[in-house]
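So this one's start25.cif, mmCIF, C-alpha atoms and all ligand atoms:
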data_query
loop_
_atom_site.label_atom_id
_atom_site.label_comp_id
_atom_site.auth_asym_id
_atom_site.auth_seq_id
_atom_site.Cartn_x
_atom_site.Cartn_y
_atom_site.Cartn_z
CA MET A 1 0.00 0.00 0.00
CA LYS A 2 1.19 3.52 -0.78
CA ILE A 3 0.07 6.39 1.42
CA LEU A 4 0.38 10.03 0.45
CA HIS A 5 0.41 12.03 3.70
CA ILE A 6 -0.40 15.73 3.25
CA ASP A 7 -0.22 18.44 5.94
CA SER A 8 -1.28 22.03 5.36
CA SER A 9 -1.55 23.65 8.80
CA ILE A 10 0.45 26.84 9.32
CA LEU A 11 0.73 26.12 13.07
CA GLY A 12 3.68 23.71 13.04
CA ASP A 13 4.06 21.75 16.27
CA HIS A 14 0.88 23.40 17.67
CA SER A 15 -1.26 22.03 14.87
CA THR A 16 -4.17 19.74 15.61
CA THR A 17 -4.52 18.37 12.09
CA ARG A 18 -0.83 17.40 12.08
CA GLN A 19 -1.41 15.33 15.24
CA LEU A 20 -4.41 13.68 13.62
CA THR A 21 -2.78 12.92 10.25
CA ALA A 22 0.23 11.42 12.05
CA ALA A 23 -2.08 9.18 14.09
CA ILE A 24 -4.08 8.13 11.01
CA THR A 25 -0.91 7.27 9.07
CA ALA A 26 0.51 5.38 12.06
CA ARG A 27 -2.68 3.36 12.36
CA LEU A 28 -2.68 2.40 8.68
CA ARG A 29 1.02 1.51 8.84
CA ALA A 30 0.55 -0.64 11.93
CA ALA A 31 -2.02 -2.71 10.05
CA ALA A 32 0.16 -3.02 6.93
CA PRO A 33 3.85 -2.66 7.90
CA ALA A 34 5.10 -2.84 4.29
CA THR A 35 3.26 0.40 3.55
CA GLN A 36 5.24 3.15 1.82
CA VAL A 37 4.57 6.72 2.88
CA VAL A 38 5.27 9.84 0.84
CA TYR A 39 5.03 12.98 2.98
CA ARG A 40 4.32 16.54 1.82
CA ASP A 41 4.21 19.58 4.06
CA LEU A 42 2.37 22.18 2.00
CA ALA A 43 2.97 24.94 4.56
CA ALA A 44 6.75 24.39 4.62
CA GLU A 45 6.98 23.91 0.86
CA PRO A 46 3.97 25.52 -0.80
CA LEU A 47 3.06 24.84 -4.37
CA PRO A 48 2.98 27.80 -6.75
CA GLN A 49 -0.16 29.87 -7.10
CA PHE A 50 -2.34 28.84 -9.99
CA THR A 51 -1.70 30.68 -13.28
CA ALA A 52 -2.81 30.08 -16.87
CA ALA A 53 0.76 29.63 -18.11
CA PRO A 54 3.11 28.46 -15.34
CA GLY A 55 6.87 28.60 -15.94
CA ALA A 56 8.85 25.39 -16.31
CA GLU A 57 9.77 25.14 -12.61
CA ASP A 58 6.20 25.73 -11.43
CA ALA A 59 4.80 23.32 -14.03
CA ALA A 60 7.20 20.63 -12.81
CA ALA A 61 6.15 21.18 -9.19
CA LEU A 62 2.47 20.92 -10.12
CA ALA A 63 3.12 17.79 -12.19
CA THR A 64 4.95 16.14 -9.28
CA ALA A 65 2.00 16.86 -6.98
CA LEU A 66 -0.35 15.19 -9.46
CA GLU A 67 1.99 12.20 -9.94
CA GLN A 68 2.15 11.65 -6.18
CA VAL A 69 -1.64 11.47 -6.05
CA LEU A 70 -1.88 9.15 -9.05
CA ALA A 71 0.71 6.82 -7.44
CA ALA A 72 -1.05 6.67 -4.04
CA ASP A 73 -3.59 4.13 -2.83
CA VAL A 74 -4.55 6.17 0.23
CA ILE A 75 -4.34 9.94 0.65
CA VAL A 76 -4.36 11.33 4.19
CA ILE A 77 -5.01 15.08 4.24
CA GLY A 78 -4.68 17.48 7.15
CA ALA A 79 -7.27 20.18 6.50
CA PRO A 80 -7.74 22.90 9.12
CA LEU A 81 -10.66 25.29 8.84
CA TYR A 82 -9.25 28.75 8.20
CA ASN A 83 -11.67 31.60 7.61
CA PHE A 84 -14.49 29.17 6.81
CA SER A 85 -12.43 27.39 4.15
CA ILE A 86 -9.20 25.47 3.66
CA PRO A 87 -5.66 26.91 3.85
CA THR A 88 -4.57 28.53 0.58
CA GLN A 89 -1.66 26.07 0.49
CA LEU A 90 -4.12 23.19 0.37
CA LYS A 91 -6.15 24.94 -2.35
CA SER A 92 -3.00 25.27 -4.48
CA TRP A 93 -2.46 21.51 -4.12
CA LEU A 94 -6.05 20.80 -5.21
CA ASP A 95 -5.52 23.11 -8.18
CA ALA A 96 -2.65 20.83 -9.24
CA LEU A 97 -4.98 17.82 -9.17
CA ALA A 98 -7.93 19.09 -11.19
CA VAL A 99 -6.49 17.99 -14.52
CA PRO A 100 -8.78 16.80 -17.32
CA GLY A 101 -7.74 13.42 -18.65
CA LYS A 102 -5.85 12.60 -15.44
CA THR A 103 -8.30 12.93 -12.56
CA PHE A 104 -11.55 13.51 -14.46
CA ALA A 105 -12.87 13.44 -18.01
CA TYR A 106 -15.91 14.81 -19.79
CA GLY A 107 -17.84 12.00 -21.47
CA ALA A 108 -21.21 11.64 -23.15
CA ASN A 109 -22.90 11.69 -19.75
CA GLY A 110 -20.98 14.66 -18.37
CA PRO A 111 -17.96 14.64 -16.04
CA GLU A 112 -16.56 11.33 -14.91
CA GLY A 113 -14.08 10.98 -12.02
CA LEU A 114 -10.99 8.88 -12.67
CA LEU A 115 -9.67 8.34 -9.11
CA GLY A 116 -12.27 5.82 -8.01
CA ALA A 117 -9.79 3.24 -6.73
CA LYS A 118 -8.28 5.56 -4.15
CA ARG A 119 -9.20 6.16 -0.55
CA VAL A 120 -9.12 9.65 0.98
CA ILE A 121 -9.06 10.34 4.72
CA VAL A 122 -9.36 13.97 5.79
CA ALA A 123 -8.31 15.16 9.25
CA SER A 124 -10.50 18.20 9.92
CA ALA A 125 -9.95 20.63 12.80
CA ARG A 126 -12.03 23.70 13.56
CA GLY A 127 -12.27 26.27 16.32
CA GLY A 128 -16.07 26.42 16.23
CA ILE A 129 -18.79 23.89 15.54
CA TYR A 130 -20.11 23.38 12.01
CA THR A 131 -21.60 19.87 12.11
CA PRO A 132 -24.67 19.57 9.84
CA GLY A 133 -27.75 20.79 11.68
CA THR A 134 -25.88 23.35 13.84
CA PRO A 135 -26.32 27.15 13.37
CA MET A 136 -22.90 27.63 11.70
CA ALA A 137 -23.20 24.64 9.33
CA SER A 138 -23.72 26.80 6.21
CA LEU A 139 -20.26 28.35 6.80
CA ASP A 140 -18.50 25.01 6.30
CA HIS A 141 -16.61 25.51 3.04
CA GLN A 142 -13.89 23.13 4.16
CA GLU A 143 -15.22 19.58 4.69
CA ASN A 144 -18.05 20.14 2.19
CA TYR A 145 -15.63 21.47 -0.40
CA LEU A 146 -13.18 18.59 0.03
CA LYS A 147 -15.99 16.06 -0.12
CA SER A 148 -17.32 17.66 -3.33
CA PHE A 149 -13.87 17.90 -4.90
CA PHE A 150 -12.93 14.28 -4.26
CA GLY A 151 -16.42 13.14 -5.23
CA PHE A 152 -15.98 14.96 -8.55
CA VAL A 153 -12.72 13.12 -9.25
CA GLY A 154 -14.40 9.82 -8.48
CA VAL A 155 -13.35 9.01 -4.92
CA THR A 156 -16.10 7.06 -3.14
CA GLN A 157 -14.12 5.87 -0.12
CA PHE A 158 -13.94 9.21 1.68
CA ASP A 159 -13.67 9.49 5.46
CA ILE A 160 -13.48 12.52 7.73
CA VAL A 161 -11.86 12.46 11.16
CA ARG A 162 -13.14 15.60 12.86
CA ALA A 163 -12.04 17.59 15.90
CA GLU A 164 -14.23 20.68 16.25
CA GLY A 165 -15.12 23.23 18.88
CA LEU A 166 -11.41 23.45 19.72
CA LYS A 167 -11.69 27.14 20.67
CA VAL A 168 -15.00 26.84 22.51
CA SER A 169 -13.52 25.72 25.85
CA GLU A 170 -10.86 23.39 27.22
CA GLU A 171 -13.58 20.90 28.10
CA VAL A 172 -15.04 20.88 24.57
CA LYS A 173 -11.52 20.63 23.13
CA THR A 174 -10.67 17.62 25.32
CA GLN A 175 -13.89 15.87 24.29
CA ALA A 176 -13.33 16.72 20.61
CA MET A 177 -9.81 15.32 20.61
CA ALA A 178 -10.93 12.15 22.37
CA ALA A 179 -13.71 11.75 19.79
CA ALA A 180 -11.26 12.26 16.90
CA PHE A 181 -8.79 9.71 18.27
CA GLY A 182 -11.74 7.34 18.79
CA GLN A 183 -12.63 7.79 15.11
CA ILE A 184 -9.04 7.00 14.14
CA ALA A 185 -9.04 3.85 16.25
CA ALA A 186 -12.27 2.79 14.52
CA LEU A 187 -11.05 3.50 10.96
CA GLN A 188 -11.02 0.54 8.66
CA ALA A 189 -7.26 -0.02 8.48
CA ALA A 190 -6.82 -2.25 5.45
C1 LIG B 201 -5.70 31.68 10.27
C2 LIG B 201 -6.75 30.95 11.04
C3 LIG B 201 -8.07 31.07 10.68
C4 LIG B 201 -9.06 30.36 11.38
N1 LIG B 201 -10.36 30.47 10.99
C5 LIG B 201 -11.30 29.76 11.65
C6 LIG B 201 -12.67 29.83 11.24
O1 LIG B 201 -13.04 30.47 10.27
N2 LIG B 201 -13.58 29.11 11.95
C7 LIG B 201 -13.22 28.33 13.00
O2 LIG B 201 -14.08 27.69 13.60
N3 LIG B 201 -11.94 28.23 13.40
C8 LIG B 201 -10.99 28.93 12.75
N4 LIG B 201 -9.68 28.83 13.13
C9 LIG B 201 -9.33 27.89 14.21
C10 LIG B 201 -8.79 26.60 13.59
O3 LIG B 201 -9.76 25.96 12.78
C11 LIG B 201 -8.32 25.66 14.69
O4 LIG B 201 -7.31 26.34 15.43
C12 LIG B 201 -7.74 24.35 14.14
O5 LIG B 201 -7.15 23.64 15.17
C13 LIG B 201 -6.71 24.62 13.07
O6 LIG B 201 -6.08 23.41 12.68
P1 LIG B 201 -4.49 23.29 12.86
O7 LIG B 201 -4.28 23.39 14.36
O8 LIG B 201 -4.10 21.98 12.33
O9 LIG B 201 -3.88 24.43 12.10
C14 LIG B 201 -8.69 29.53 12.47
C15 LIG B 201 -7.34 29.43 12.83
C16 LIG B 201 -6.38 30.12 12.12
C17 LIG B 201 -4.92 29.95 12.51
#
Do you think you could lay out the structure here as structure tokens?
Ligand SMILES: Cc1cc2nc3c(=O)[nH]c(=O)nc-3n(C[C@H](O)[C@H](O)[C@H](O)COP(=O)(O)O)c2cc1C
Amino acid sequence: MKILHIDSSILGDHSTTRQLTAAITARLRAAAPATQVVYRDLAAEPLPQFTAAPGAEDAAALATALEQVLAADVIVIGAPLYNFSIPTQLKSWLDALAVPGKTFAYGANGPEGLLGAKRVIVASARGGIYTPGTPMASLDHQENYLKSFFGFVGVTQFDIVRAEGLKVSEEVKTQAMAAAFGQIAALQAA
């Protein structure tokens, strides 16, 4: 199994999503020790901003990002909620993946996703609470966006590990982290 492990938090060692992606990757590796892991830190080494005509160096960086995804069986993504959306570094990575003929194609019946064989696990962390049915739910342009994006490119095995309400109180944070680690322990590992 090949895992692509992506982090995008700007908070370094203080990041919640980094803790969660590390735990998810460790769990998958424990179940399948021969697993290979490719790691990308999008905050430390951001991809170039999207342009219509990237230079050779930028085009190569974007192509490498796409190749890493195409080569992976499982993609573990750390996705904090920043200003109701995902970090710009993570958006630049998604921009590298939305490539017609590689991740999706337009056929007679409209768009068709080409990444169906892959599994995506998103580690989501948020200061407030945005679970469906709560007052702030319509401001979730992070989990919903990622789910839509990976659905568009054909991914059906899509899991979210969520820690939310992290800025509400210490008590809520403790409960949220315990719930997220419980979700990781319950993830189907192979
Ligand atoms: C720049 C920035 C913007 C944020 N915007 C939001 C927000 O819009 N809504 C929210 O609930 N929390 C927001 N937060 C809180 C984060 O979602 C929370 O701290 C989470 O743990 C971030 O994940 P990380 O620790 O892996 O970076 C923001 C935090 C930062 C640093």
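Of the listed residues A:Leu146, A:Ala53, A:Val76, A:Ala180, the one whose atoms come nearest to Arg40 in chain A is A:Val76, with distances taken using all atoms listed in the file.
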Near-ligand residues for ligand LIG 201 (chain B), threshold 6 Å, all atoms listed in the file, as a JSON list (two decimals) with C-alpha atoms, in the coordinates of the input:
[["chain", "number", "residue", "atom", "x", "y", "z"],
["A", 9, "SER", "CA", -1.55, 23.65, 8.80],
["A", 10, "ILE", "CA", 0.45, 26.84, 9.32],
["A", 11, "LEU", "CA", 0.73, 26.12, 13.07],
["A", 15, "SER", "CA", -1.26, 22.03, 14.87],
["A", 16, "THR", "CA", -4.17, 19.74, 15.61],
["A", 17, "THR", "CA", -4.52, 18.37, 12.09],
["A", 18, "ARG", "CA", -0.83, 17.40, 12.08],
["A", 80, "PRO", "CA", -7.74, 22.90, 9.12],
["A", 81, "LEU", "CA", -10.66, 25.29, 8.84],
["A", 82, "TYR", "CA", -9.25, 28.75, 8.20],
["A", 83, "ASN", "CA", -11.67, 31.60, 7.61],
["A", 84, "PHE", "CA", -14.49, 29.17, 6.81],
["A", 125, "ALA", "CA", -9.95, 20.63, 12.80],
["A", 126, "ARG", "CA", -12.03, 23.70, 13.56],
["A", 127, "GLY", "CA", -12.27, 26.27, 16.32],
["A", 128, "GLY", "CA", -16.07, 26.42, 16.23]]
- Item | Local residues around (-7.9, 6.1, 14.3), at most 12 Å away, using only C-alpha atoms, as a PyMOL selection string | chain A and resi 19-31+76+121-123+159-162+177-189
For the residues in the current selection, export C-alpha atoms as a CSV table (one decimal), keeping the file's coordinate frame.
chain,number,residue,atom,x,y,z
A,19,GLN,CA,-1.4,15.3,15.2
A,20,LEU,CA,-4.4,13.7,13.6
A,21,THR,CA,-2.8,12.9,10.2
A,22,ALA,CA,0.2,11.4,12.0
A,23,ALA,CA,-2.1,9.2,14.1
A,24,ILE,CA,-4.1,8.1,11.0
A,25,THR,CA,-0.9,7.3,9.1
A,26,ALA,CA,0.5,5.4,12.1
A,27,ARG,CA,-2.7,3.4,12.4
A,28,LEU,CA,-2.7,2.4,8.7
A,29,ARG,CA,1.0,1.5,8.8
A,30,ALA,CA,0.6,-0.6,11.9
A,31,ALA,CA,-2.0,-2.7,10.0
A,76,VAL,CA,-4.4,11.3,4.2
A,121,ILE,CA,-9.1,10.3,4.7
A,122,VAL,CA,-9.4,14.0,5.8
A,123,ALA,CA,-8.3,15.2,9.2
A,159,ASP,CA,-13.7,9.5,5.5
A,160,ILE,CA,-13.5,12.5,7.7
A,161,VAL,CA,-11.9,12.5,11.2
A,162,ARG,CA,-13.1,15.6,12.9
A,177,MET,CA,-9.8,15.3,20.6
A,178,ALA,CA,-10.9,12.2,22.4
A,179,ALA,CA,-13.7,11.8,19.8
A,180,ALA,CA,-11.3,12.3,16.9
A,181,PHE,CA,-8.8,9.7,18.3
A,182,GLY,CA,-11.7,7.3,18.8
A,183,GLN,CA,-12.6,7.8,15.1
A,184,ILE,CA,-9.0,7.0,14.1
A,185,ALA,CA,-9.0,3.8,16.2
A,186,ALA,CA,-12.3,2.8,14.5
A,187,LEU,CA,-11.0,3.5,11.0
A,188,GLN,CA,-11.0,0.5,8.7
A,189,ALA,CA,-7.3,0.0,8.5
- Note on the structure: One residue among A:Tyr130, A:Thr88, A:Ser124, A:Ile77 is nearest to Ala163 in chain A when using all atoms listed in the file, and that residue is A:Ser124
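Each of A:Val120, A:Leu114, A:Ile129, A:Ile3 was compared to Gln68 in chain A using only C-alpha atoms, and A:Ile3 turns out to be the nearest.
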- Spatial neighbours of range 37-39 of chain A, 8 Å, only C-alpha atoms, chain gap at least 2 places, as JSON, numbers by chain: {"A": [2, 3, 4, 5, 6, 35, 41, 68]}
Could you dump the residues just selected with C-alpha atoms as an mmCIF file, keeping the file's coordinate frame?
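That gives us result_34.cif:
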data_model
loop_
_atom_site.group_PDB
_atom_site.id
_atom_site.type_symbol
_atom_site.label_atom_id
_atom_site.label_comp_id
_atom_site.auth_asym_id
_atom_site.auth_seq_id
_atom_site.Cartn_x
_atom_site.Cartn_y
_atom_site.Cartn_z
ATOM 1 C CA LYS A 2 1.190 3.520 -0.780
ATOM 2 C CA ILE A 3 0.070 6.390 1.420
ATOM 3 C CA LEU A 4 0.380 10.030 0.450
ATOM 4 C CA HIS A 5 0.410 12.030 3.700
ATOM 5 C CA ILE A 6 -0.400 15.730 3.250
ATOM 6 C CA THR A 35 3.260 0.400 3.550
ATOM 7 C CA ASP A 41 4.210 19.580 4.060
ATOM 8 C CA GLN A 68 2.150 11.650 -6.180
#
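With all atoms listed in the file as the atoms that count, the residue of A:Ser8, A:Ala32, A:Val69, A:Gly165 with the shortest distance to Leu47 in chain A is A:Ser8.
Between CA of Met1 in chain A and CA of Leu66 in chain A lies a distance of 17.9 Å.
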- From the set A:Glu143, A:Phe50, A:Thr103, A:Lys173, which residue has the shortest atom-to-atom contact distance to Glu67 in chain A, counting only C-alpha atoms? A:Thr103
- Quick one: distance from CA of Gln157 in chain A to CA of Arg119 in chain A in Å, one decimal? 4.9 Å
- Quote the spacing between CA of Ser169 in chain A and CA of Tyr145 in chain A in Å to one decimal place. 26.7 Å
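For the residues A:Pro33, A:Ala52, A:Ile86, A:Leu115, ranking by smallest atom-to-atom distance to Leu139 in chain A using all atoms listed in the file places A:Ile86 first.
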Might you pull out every residue within 7 Å of Ala96 in chain A, with only C-alpha atoms counted and same-chain residues fewer than 2 positions away left off, and present them as an mmCIF file with C-alpha atoms, in the frame of the given file?
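Resulting contents of result35.cif:
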data_model
loop_
_atom_site.group_PDB
_atom_site.id
_atom_site.type_symbol
_atom_site.label_atom_id
_atom_site.label_comp_id
_atom_site.auth_asym_id
_atom_site.auth_seq_id
_atom_site.Cartn_x
_atom_site.Cartn_y
_atom_site.Cartn_z
ATOM 1 C CA LEU A 62 2.470 20.920 -10.120
ATOM 2 C CA ALA A 65 2.000 16.860 -6.980
ATOM 3 C CA LEU A 66 -0.350 15.190 -9.460
ATOM 4 C CA SER A 92 -3.000 25.270 -4.480
ATOM 5 C CA TRP A 93 -2.460 21.510 -4.120
ATOM 6 C CA LEU A 94 -6.050 20.800 -5.210
ATOM 7 C CA ALA A 98 -7.930 19.090 -11.190
#
- Message: Residues proximal to (-10.6, 9.4, -8.2) were defined as those with any atom within 12 Å of that point in the file's coordinates, counting all atoms listed in the file. Which are they, as a PyMOL selection string?
- Response: chain A and resi 66+69-75+97-105+111-120+147-158
